[in-house]
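Visitor: Structure file work-v2.csv (CSV, C-alpha atoms) right here:
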chain,number,residue,atom,x,y,z
R,1,MET,CA,-18.8,204.5,174.2
R,2,PRO,CA,-17.3,205.0,177.7
R,3,ILE,CA,-18.9,203.0,180.4
R,4,SER,CA,-19.1,203.8,184.2
R,5,ILE,CA,-17.3,201.3,186.3
R,6,LEU,CA,-17.1,201.1,190.1
R,7,PHE,CA,-13.7,199.5,190.9
R,8,LEU,CA,-13.4,198.1,194.5
R,9,HIS,CA,-9.7,197.5,195.4
R,10,GLY,CA,-8.4,194.7,197.5
R,11,TRP,CA,-7.1,194.7,201.1
R,12,HIS,CA,-4.1,197.0,201.5
R,13,SER,CA,-4.2,197.9,197.8
R,14,VAL,CA,-4.1,201.5,196.6
R,15,VAL,CA,-6.6,203.7,194.8
R,16,GLY,CA,-5.4,204.2,191.2
R,17,GLY,CA,-3.6,200.9,190.9
R,18,ARG,CA,-2.8,199.0,187.7
R,19,LYS,CA,-6.3,197.5,187.2
R,20,PRO,CA,-8.4,200.7,187.6
R,21,THR,CA,-5.8,202.6,185.6
R,22,PHE,CA,-6.0,200.0,182.8
R,23,LEU,CA,-9.8,200.5,182.6
R,24,LYS,CA,-9.5,204.3,182.7
R,25,ASP,CA,-6.8,204.2,180.0
R,26,ALA,CA,-9.3,202.2,177.8
R,27,GLY,CA,-11.5,205.3,177.9
R,28,HIS,CA,-13.9,204.4,180.7
R,29,HIS,CA,-15.2,206.4,183.7
R,30,VAL,CA,-13.7,204.6,186.7
R,31,LEU,CA,-15.0,205.3,190.2
R,32,ASN,CA,-12.2,204.0,192.6
R,33,PRO,CA,-13.0,205.0,196.2
R,34,ALA,CA,-10.5,204.4,199.0
R,35,LEU,CA,-11.9,201.6,201.1
R,36,ASP,CA,-11.0,201.2,204.8
R,37,ASP,CA,-8.6,198.2,205.2
R,38,ASP,CA,-9.5,197.6,208.9
R,39,ASP,CA,-13.3,198.0,209.0
R,40,PHE,CA,-15.2,195.9,206.5
R,41,ALA,CA,-18.6,197.6,207.4
R,42,MET,CA,-17.1,201.0,206.8
R,43,ALA,CA,-15.6,199.9,203.5
R,44,LEU,CA,-19.0,198.5,202.5
R,45,ARG,CA,-20.7,201.8,203.4
R,46,THR,CA,-18.2,203.8,201.4
R,47,ALA,CA,-18.7,201.6,198.3
R,48,GLN,CA,-22.5,201.6,198.8
R,49,ALA,CA,-22.6,205.4,198.9
R,50,VAL,CA,-20.6,205.7,195.7
R,51,TYR,CA,-22.8,203.1,194.0
R,52,ASP,CA,-26.0,204.8,195.2
R,53,ARG,CA,-24.8,208.2,194.0
R,54,GLU,CA,-23.2,207.3,190.7
R,55,LYS,CA,-25.2,204.2,189.5
R,56,PRO,CA,-22.3,202.6,187.6
R,57,GLN,CA,-23.0,200.2,184.7
R,58,VAL,CA,-20.6,197.5,186.0
R,59,ILE,CA,-18.9,196.8,189.4
R,60,VAL,CA,-15.4,195.3,189.5
R,61,GLY,CA,-14.1,193.8,192.8
R,62,SER,CA,-10.6,192.6,193.3
R,63,SER,CA,-10.0,190.1,196.2
R,64,ARG,CA,-11.5,191.8,199.3
R,65,GLY,CA,-13.1,194.3,196.9
R,66,GLY,CA,-14.9,191.3,195.4
R,67,ALA,CA,-16.3,190.4,198.8
R,68,ILE,CA,-17.5,194.1,199.1
R,69,ALA,CA,-19.0,193.9,195.6
R,70,MET,CA,-20.9,190.7,196.6
R,71,ASN,CA,-22.3,192.4,199.7
R,72,LEU,CA,-23.4,195.6,198.0
R,73,GLN,CA,-27.1,196.3,197.4
R,74,SER,CA,-26.6,196.7,193.6
R,75,GLY,CA,-29.7,195.3,192.0
R,76,GLU,CA,-29.0,193.9,188.5
R,77,THR,CA,-25.7,195.7,188.0
R,78,PRO,CA,-23.2,193.1,186.7
R,79,LEU,CA,-20.2,192.0,188.8
R,80,VAL,CA,-16.7,191.3,187.5
R,81,LEU,CA,-14.9,189.6,190.4
R,82,LEU,CA,-11.1,189.0,190.4
R,83,CYS,CA,-10.1,186.3,192.9
R,84,PRO,CA,-13.0,187.2,195.2
R,85,ALA,CA,-12.2,186.8,198.9
R,86,TRP,CA,-15.8,186.1,199.8
R,87,LYS,CA,-14.9,183.5,202.5
R,88,ASN,CA,-12.8,186.0,204.3
R,89,TRP,CA,-15.1,189.0,204.5
R,90,GLY,CA,-18.8,189.7,204.5
R,91,THR,CA,-21.8,187.4,204.6
R,92,ALA,CA,-22.7,186.9,200.9
R,93,THR,CA,-22.2,183.3,199.7
R,94,THR,CA,-23.6,183.7,196.2
R,95,VAL,CA,-23.4,186.0,193.2
R,96,LYS,CA,-26.0,187.2,190.8
R,97,ALA,CA,-26.5,185.7,187.4
R,98,LYS,CA,-24.8,188.7,185.8
R,99,SER,CA,-21.4,187.9,187.2
R,100,THR,CA,-18.1,186.8,185.8
R,101,LEU,CA,-15.3,185.5,188.0
R,102,TYR,CA,-11.6,185.5,187.1
R,103,HIS,CA,-9.1,183.5,189.1
R,104,SER,CA,-5.6,181.9,188.7
R,105,ARG,CA,-5.0,178.4,189.8
R,106,GLN,CA,-1.6,179.6,191.0
R,107,ASP,CA,-3.2,182.2,193.4
R,108,GLU,CA,-1.3,182.0,196.6
R,109,VAL,CA,-3.8,184.1,198.6
R,110,ILE,CA,-7.3,182.9,197.7
R,111,PRO,CA,-7.7,179.3,196.6
R,112,PHE,CA,-9.1,178.7,193.1
R,113,ALA,CA,-11.5,176.2,194.7
R,114,ASP,CA,-13.2,179.1,196.5
R,115,SER,CA,-14.3,180.5,193.2
R,116,GLU,CA,-15.4,177.1,192.0
R,117,GLU,CA,-17.5,176.8,195.2
R,118,LEU,CA,-19.0,180.2,194.7
R,119,LEU,CA,-19.9,179.4,191.1
R,120,HIS,CA,-21.6,176.2,192.2
R,121,SER,CA,-23.5,177.7,195.2
R,122,SER,CA,-24.7,180.5,192.8
R,123,GLY,CA,-26.0,178.0,190.3
R,124,LEU,CA,-23.9,179.6,187.5
R,125,ALA,CA,-22.6,177.7,184.5
R,126,ARG,CA,-18.8,177.0,184.3
R,127,GLU,CA,-18.3,179.7,181.7
R,128,HIS,CA,-18.8,182.3,184.4
R,129,LEU,CA,-15.5,181.3,185.9
R,130,ILE,CA,-12.5,182.1,183.7
R,131,GLU,CA,-9.0,180.9,184.6
R,132,THR,CA,-6.4,183.6,184.0
R,133,GLY,CA,-3.1,184.9,185.3
R,134,LYS,CA,-0.2,183.4,187.2
R,135,ASP,CA,-0.9,184.8,190.7
R,136,HIS,CA,-3.4,186.6,192.9
R,137,ARG,CA,-2.9,190.0,191.4
R,138,LEU,CA,-4.2,189.3,187.9
R,139,ALA,CA,-2.1,192.3,186.7
R,140,ASP,CA,-0.7,190.6,183.6
R,141,GLN,CA,-1.8,191.9,180.2
R,142,THR,CA,-4.0,188.9,179.4
R,143,SER,CA,-5.9,189.2,182.7
R,144,LEU,CA,-6.3,193.0,182.4
R,145,GLN,CA,-7.7,192.6,178.9
R,146,ALA,CA,-10.1,189.9,180.1
R,147,MET,CA,-11.3,192.2,182.9
R,148,LEU,CA,-11.8,195.0,180.4
R,149,SER,CA,-13.7,192.7,177.9
R,150,ALA,CA,-16.0,191.5,180.6
R,151,CYS,CA,-16.9,195.0,181.7
R,152,GLU,CA,-17.6,196.1,178.1
R,153,ARG,CA,-19.6,192.9,177.4
R,154,TRP,CA,-21.8,193.3,180.5
R,155,ALA,CA,-22.3,197.0,179.8
R,156,SER,CA,-23.3,196.3,176.2
R,157,GLN,CA,-26.0,193.9,177.4
R,158,GLY,CA,-27.6,196.6,179.5
What would the structure in this file look like if it were written as structure tokens?
Guide:
Amino acid sequence: MPISILFLHGWHSVVGGRKPTFLKDAGHHVLNPALDDDDFAMALRTAQAVYDREKPQVIVGSSRGGAIAMNLQSGETPLVLLCPAWKNWGTATTVKAKSTLYHSRQDEVIPFADSEELLHSSGLAREHLIETGKDHRLADQTSLQAMLSACERWASQG
């Protein structure tokens, strides 16, 4: 059963990149708006408008897109965050209980410790942070499959 996913790309990333394409190729409906790279508030407004209009089942945020996802007014909609850059953008310092974080210890852009801190400040169990990949992009097959599995798992839980 296809699920509706709002995919929020990272800073200077492109719409239709490897990760949202992987989700789409798996048969899911992927909303992938172009987010302003220079104006966080504008990027957040764009994402919020798409969320409000489409009501996706899951939100995926990659790097800066993870910070945008954390700052959205999205109720109980689950978050799948890929190396979230929450310390760099926005004001949110915690995530909701329905969140899964993926991060590589070899990430050269956002320290793995940032995700550990986010997990701790959110009061989430260690199983909500999954180590994967060899760099910041998390575009390897194992990481892509993990992202897809998390989206499908959260959607199946309603």
Visitor: Excluding Ser74 in chain R and its own-chain neighbours fewer than 4 positions away, which residues fall within 10 Å of it when counting all atoms listed in the file? Please give them as a ChimeraX atom specification.
Guide: /R:48,51-52,55-56,58-59,69-70,78-79,96
Visitor: Taking into account all atoms listed in the file, which residue in the set R:Gly10, R:Asp107, R:His120, R:Ser149 is nearest to Gly133 in chain R?
Guide: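 Of the candidates, the smallest distance to Gly133 in chain R is held by R:Asp107.
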Visitor: Find the residue from R:Leu35, R:Val50, R:Ala67, R:Val80 that sits nearest to Arg153 in chain R; use only C-alpha atoms when measuring.
Guide: R:Val80
Visitor: List as number ranges by chain the protein and nucleic acid residues near His29 in chain R, meaning an atom at most 7 Å away when only C-alpha atoms are counted, but skip any in the same chain fewer than 5 places from it.
Guide: R: 2-5, 24
Visitor: Rank nothing, just name the residue among R:Ala150, R:Ala139, R:Met1, R:Ala155 nearest to Thr21 in chain R, using all atoms listed in the file.
Guide: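 That would be R:Ala139, the residue with the smallest distance to Thr21 in chain R.
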Visitor: Check the smallest atom-to-atom distance from each of R:Ile68, R:Val14, R:Ala49, R:Val109 to Arg137 in chain R using all atoms listed in the file, then report the winner.
Guide: R:Val109
Visitor: Which distance in Å separates CA of Leu118 in chain R and CA of Pro84 in chain R, to one decimal?
Guide: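 Taking CA of Leu118 in chain R as the start and CA of Pro84 in chain R as the end point, the length is 9.2 Å.
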Visitor: Within 12 Å of (-11.3, 176.9, 195.7) (file coordinates; all atoms listed in the file), which protein or nucleic acid residues are there? I'd like them as a PDB file with C-alpha atoms, keeping the file's coordinate frame.
Guide:
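Output file selection29.pdb is given in full below:
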ATOM      1  CA  CYS R  83     -10.100 186.300 192.900  1.00  0.00           C
ATOM      2  CA  PRO R  84     -13.000 187.200 195.200  1.00  0.00           C
ATOM      3  CA  ALA R  85     -12.200 186.800 198.900  1.00  0.00           C
ATOM      4  CA  TRP R  86     -15.800 186.100 199.800  1.00  0.00           C
ATOM      5  CA  LYS R  87     -14.900 183.500 202.500  1.00  0.00           C
ATOM      6  CA  HIS R 103      -9.100 183.500 189.100  1.00  0.00           C
ATOM      7  CA  SER R 104      -5.600 181.900 188.700  1.00  0.00           C
ATOM      8  CA  ARG R 105      -5.000 178.400 189.800  1.00  0.00           C
ATOM      9  CA  GLN R 106      -1.600 179.600 191.000  1.00  0.00           C
ATOM     10  CA  ASP R 107      -3.200 182.200 193.400  1.00  0.00           C
ATOM     11  CA  GLU R 108      -1.300 182.000 196.600  1.00  0.00           C
ATOM     12  CA  VAL R 109      -3.800 184.100 198.600  1.00  0.00           C
ATOM     13  CA  ILE R 110      -7.300 182.900 197.700  1.00  0.00           C
ATOM     14  CA  PRO R 111      -7.700 179.300 196.600  1.00  0.00           C
ATOM     15  CA  PHE R 112      -9.100 178.700 193.100  1.00  0.00           C
ATOM     16  CA  ALA R 113     -11.500 176.200 194.700  1.00  0.00           C
ATOM     17  CA  ASP R 114     -13.200 179.100 196.500  1.00  0.00           C
ATOM     18  CA  SER R 115     -14.300 180.500 193.200  1.00  0.00           C
ATOM     19  CA  GLU R 116     -15.400 177.100 192.000  1.00  0.00           C
ATOM     20  CA  GLU R 117     -17.500 176.800 195.200  1.00  0.00           C
ATOM     21  CA  LEU R 118     -19.000 180.200 194.700  1.00  0.00           C
ATOM     22  CA  LEU R 119     -19.900 179.400 191.100  1.00  0.00           C
ATOM     23  CA  HIS R 120     -21.600 176.200 192.200  1.00  0.00           C
ATOM     24  CA  LEU R 129     -15.500 181.300 185.900  1.00  0.00           C
TER      25      LEU R 129
END
Visitor: With 4 Å on each side, where is the centre of the axis-aligned box around all listed atoms of range 54-66 of chain R, and how long are its edges in Å to one decimal, as lines of an AutoDock Vina configuration file?
Guide:
center_x = -17.6
center_y = 198.7
center_z = 192.0
size_x = 23.2
size_y = 25.2
size_z = 22.6
Visitor: So the first atom is CA of Gln57 in chain R and the second is CA of Cys151 in chain R; what is the distance between them in Å, to one decimal place?
Guide: 8.6 Å
Visitor: Considering all atoms listed in the file, can you say which of R:Met147, R:Ala41, R:Leu101, R:Leu6 comes closest to Arg126 in chain R?
Guide: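 Under the stated criterion, the closest residue is R:Leu101.
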Visitor: Around (-26.6, 180.7, 191.4) in the file's own coordinates, what residues are found within 7 Å if you use all atoms listed in the file, given back as a list in words?
Guide: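 Output of the proximity query reads Thr94, Val95, Lys96, Ala97, Leu119, His120, Ser121, Ser122, Gly123 and Leu124 of chain R.
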Visitor: What does the structure give for the distance between CA of Glu152 in chain R and CA of Ala26 in chain R, in Å to one decimal?
Guide: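 So the two atoms, CA of Glu152 in chain R and CA of Ala26 in chain R, lie 10.3 Å apart.
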Visitor: My list of candidates is R:Leu72, R:Ser63, R:Gly90, R:Gly158. Which is closest to His136 in chain R when distances are computed with only C-alpha atoms?
Guide: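 Among the listed residues, the smallest separation from His136 in chain R belongs to R:Ser63.
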Visitor: Starting from the block above, write range 5-115 of chain R out to a file with C-alpha atoms, as a PDB file, in the first residue's frame, please.
Guide:
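Final output, saved to decode.pdb:
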ATOM      1  CA  ILE R   5       5.831  10.971   2.465  1.00  0.00           C
ATOM      2  CA  LEU R   6       6.923  14.587   2.787  1.00  0.00           C
ATOM      3  CA  PHE R   7      10.649  14.621   1.938  1.00  0.00           C
ATOM      4  CA  LEU R   8      12.540  17.747   3.031  1.00  0.00           C
ATOM      5  CA  HIS R   9      15.898  18.055   1.317  1.00  0.00           C
ATOM      6  CA  GLY R  10      19.116  19.402   2.775  1.00  0.00           C
ATOM      7  CA  TRP R  11      20.873  22.702   2.268  1.00  0.00           C
ATOM      8  CA  HIS R  12      21.961  23.111  -1.380  1.00  0.00           C
ATOM      9  CA  SER R  13      20.439  19.743  -2.247  1.00  0.00           C
ATOM     10  CA  VAL R  14      18.109  19.292  -5.169  1.00  0.00           C
ATOM     11  CA  VAL R  15      14.489  18.261  -5.507  1.00  0.00           C
ATOM     12  CA  GLY R  16      14.274  14.755  -6.940  1.00  0.00           C
ATOM     13  CA  GLY R  17      17.594  13.575  -5.530  1.00  0.00           C
ATOM     14  CA  ARG R  18      18.633  10.016  -4.749  1.00  0.00           C
ATOM     15  CA  LYS R  19      16.726   9.629  -1.460  1.00  0.00           C
ATOM     16  CA  PRO R  20      13.272  10.894  -2.529  1.00  0.00           C
ATOM     17  CA  THR R  21      13.652   9.023  -5.821  1.00  0.00           C
ATOM     18  CA  PHE R  22      14.393   5.812  -3.902  1.00  0.00           C
ATOM     19  CA  LEU R  23      11.172   6.278  -1.896  1.00  0.00           C
ATOM     20  CA  LYS R  24       9.192   7.026  -5.059  1.00  0.00           C
ATOM     21  CA  ASP R  25      10.673   4.017  -6.865  1.00  0.00           C
ATOM     22  CA  ALA R  26       9.500   1.873  -3.932  1.00  0.00           C
ATOM     23  CA  GLY R  27       5.953   2.832  -4.899  1.00  0.00           C
ATOM     24  CA  HIS R  28       5.253   5.642  -2.462  1.00  0.00           C
ATOM     25  CA  HIS R  29       3.774   9.114  -3.043  1.00  0.00           C
ATOM     26  CA  VAL R  30       6.628  11.541  -2.317  1.00  0.00           C
ATOM     27  CA  LEU R  31       6.069  15.255  -1.793  1.00  0.00           C
ATOM     28  CA  ASN R  32       9.434  16.934  -2.384  1.00  0.00           C
ATOM     29  CA  PRO R  33       9.100  20.731  -2.352  1.00  0.00           C
ATOM     30  CA  ALA R  34      11.946  23.063  -3.290  1.00  0.00           C
ATOM     31  CA  LEU R  35      13.113  24.691  -0.054  1.00  0.00           C
ATOM     32  CA  ASP R  36      14.840  28.068  -0.045  1.00  0.00           C
ATOM     33  CA  ASP R  37      18.543  27.619   0.797  1.00  0.00           C
ATOM     34  CA  ASP R  38      19.097  31.128   2.116  1.00  0.00           C
ATOM     35  CA  ASP R  39      15.963  31.838   4.155  1.00  0.00           C
ATOM     36  CA  PHE R  40      15.121  29.222   6.804  1.00  0.00           C
ATOM     37  CA  ALA R  41      11.797  30.879   7.686  1.00  0.00           C
ATOM     38  CA  MET R  42      10.743  30.788   4.032  1.00  0.00           C
ATOM     39  CA  ALA R  43      11.797  27.134   3.706  1.00  0.00           C
ATOM     40  CA  LEU R  44       9.794  26.340   6.832  1.00  0.00           C
ATOM     41  CA  ARG R  45       6.718  28.156   5.475  1.00  0.00           C
ATOM     42  CA  THR R  46       6.980  26.213   2.210  1.00  0.00           C
ATOM     43  CA  ALA R  47       7.224  22.890   4.033  1.00  0.00           C
ATOM     44  CA  GLN R  48       4.383  23.816   6.399  1.00  0.00           C
ATOM     45  CA  ALA R  49       2.113  24.745   3.488  1.00  0.00           C
ATOM     46  CA  VAL R  50       2.737  21.381   1.798  1.00  0.00           C
ATOM     47  CA  TYR R  51       2.218  19.539   5.086  1.00  0.00           C
ATOM     48  CA  ASP R  52      -1.031  21.393   5.821  1.00  0.00           C
ATOM     49  CA  ARG R  53      -2.391  20.801   2.320  1.00  0.00           C
ATOM     50  CA  GLU R  54      -1.330  17.159   1.837  1.00  0.00           C
ATOM     51  CA  LYS R  55      -1.291  15.691   5.383  1.00  0.00           C
ATOM     52  CA  PRO R  56       1.464  13.118   4.682  1.00  0.00           C
ATOM     53  CA  GLN R  57       1.746   9.966   6.779  1.00  0.00           C
ATOM     54  CA  VAL R  58       5.493  10.393   7.406  1.00  0.00           C
ATOM     55  CA  ILE R  59       7.984  13.267   7.189  1.00  0.00           C
ATOM     56  CA  VAL R  60      11.590  12.602   6.156  1.00  0.00           C
ATOM     57  CA  GLY R  61      14.133  15.351   6.728  1.00  0.00           C
ATOM     58  CA  SER R  62      17.721  15.190   5.525  1.00  0.00           C
ATOM     59  CA  SER R  63      20.297  17.409   7.273  1.00  0.00           C
ATOM     60  CA  ARG R  64      18.836  20.947   7.109  1.00  0.00           C
ATOM     61  CA  GLY R  65      15.579  19.310   6.042  1.00  0.00           C
ATOM     62  CA  GLY R  66      15.692  17.489   9.378  1.00  0.00           C
ATOM     63  CA  ALA R  67      15.827  20.833  11.181  1.00  0.00           C
ATOM     64  CA  ILE R  68      12.866  21.992   9.102  1.00  0.00           C
ATOM     65  CA  ALA R  69      10.967  18.790   9.947  1.00  0.00           C
ATOM     66  CA  MET R  70      11.629  19.335  13.659  1.00  0.00           C
ATOM     67  CA  ASN R  71      10.268  22.889  13.470  1.00  0.00           C
ATOM     68  CA  LEU R  72       7.080  22.005  11.552  1.00  0.00           C
ATOM     69  CA  GLN R  73       3.703  22.025  13.268  1.00  0.00           C
ATOM     70  CA  SER R  74       3.018  18.400  12.347  1.00  0.00           C
ATOM     71  CA  GLY R  75       1.099  16.910  15.253  1.00  0.00           C
ATOM     72  CA  GLU R  76       1.712  13.190  15.651  1.00  0.00           C
ATOM     73  CA  THR R  77       3.086  12.645  12.139  1.00  0.00           C
ATOM     74  CA  PRO R  78       6.229  10.501  12.530  1.00  0.00           C
ATOM     75  CA  LEU R  79       9.660  11.887  11.661  1.00  0.00           C
ATOM     76  CA  VAL R  80      12.513  10.055   9.945  1.00  0.00           C
ATOM     77  CA  LEU R  81      15.570  12.271  10.324  1.00  0.00           C
ATOM     78  CA  LEU R  82      18.801  11.756   8.392  1.00  0.00           C
ATOM     79  CA  CYS R  83      21.791  13.455  10.039  1.00  0.00           C
ATOM     80  CA  PRO R  84      19.536  16.280  11.279  1.00  0.00           C
ATOM     81  CA  ALA R  85      21.232  19.692  11.388  1.00  0.00           C
ATOM     82  CA  TRP R  86      19.092  20.899  14.293  1.00  0.00           C
ATOM     83  CA  LYS R  87      21.917  22.838  15.954  1.00  0.00           C
ATOM     84  CA  ASN R  88      22.478  24.876  12.775  1.00  0.00           C
ATOM     85  CA  TRP R  89      18.903  25.941  11.971  1.00  0.00           C
ATOM     86  CA  GLY R  90      15.600  26.548  13.717  1.00  0.00           C
ATOM     87  CA  THR R  91      14.703  26.585  17.394  1.00  0.00           C
ATOM     88  CA  ALA R  92      13.507  23.023  18.074  1.00  0.00           C
ATOM     89  CA  THR R  93      15.755  21.092  20.468  1.00  0.00           C
ATOM     90  CA  THR R  94      13.697  17.913  20.840  1.00  0.00           C
ATOM     91  CA  VAL R  95      11.799  15.492  18.633  1.00  0.00           C
ATOM     92  CA  LYS R  96       8.498  13.718  19.172  1.00  0.00           C
ATOM     93  CA  ALA R  97       8.261  10.135  20.397  1.00  0.00           C
ATOM     94  CA  LYS R  98       7.429   8.947  16.872  1.00  0.00           C
ATOM     95  CA  SER R  99      10.889   9.734  15.493  1.00  0.00           C
ATOM     96  CA  THR R 100      13.753   7.694  14.108  1.00  0.00           C
ATOM     97  CA  LEU R 101      17.191   9.215  13.547  1.00  0.00           C
ATOM     98  CA  TYR R 102      19.788   7.839  11.150  1.00  0.00           C
ATOM     99  CA  HIS R 103      23.369   9.081  11.296  1.00  0.00           C
ATOM    100  CA  SER R 104      26.881   8.001  10.331  1.00  0.00           C
ATOM    101  CA  ARG R 105      29.756   8.241  12.798  1.00  0.00           C
ATOM    102  CA  GLN R 106      31.875   9.224   9.766  1.00  0.00           C
ATOM    103  CA  ASP R 107      29.636  12.228   9.011  1.00  0.00           C
ATOM    104  CA  GLU R 108      31.983  15.096   8.125  1.00  0.00           C
ATOM    105  CA  VAL R 109      29.253  17.781   8.231  1.00  0.00           C
ATOM    106  CA  ILE R 110      27.049  17.143  11.283  1.00  0.00           C
ATOM    107  CA  PRO R 111      28.661  15.384  14.273  1.00  0.00           C
ATOM    108  CA  PHE R 112      27.130  12.050  15.302  1.00  0.00           C
ATOM    109  CA  ALA R 113      27.161  13.427  18.858  1.00  0.00           C
ATOM    110  CA  ASP R 114      24.505  15.977  17.817  1.00  0.00           C
ATOM    111  CA  SER R 115      22.048  13.140  17.179  1.00  0.00           C
TER     112      SER R 115
END
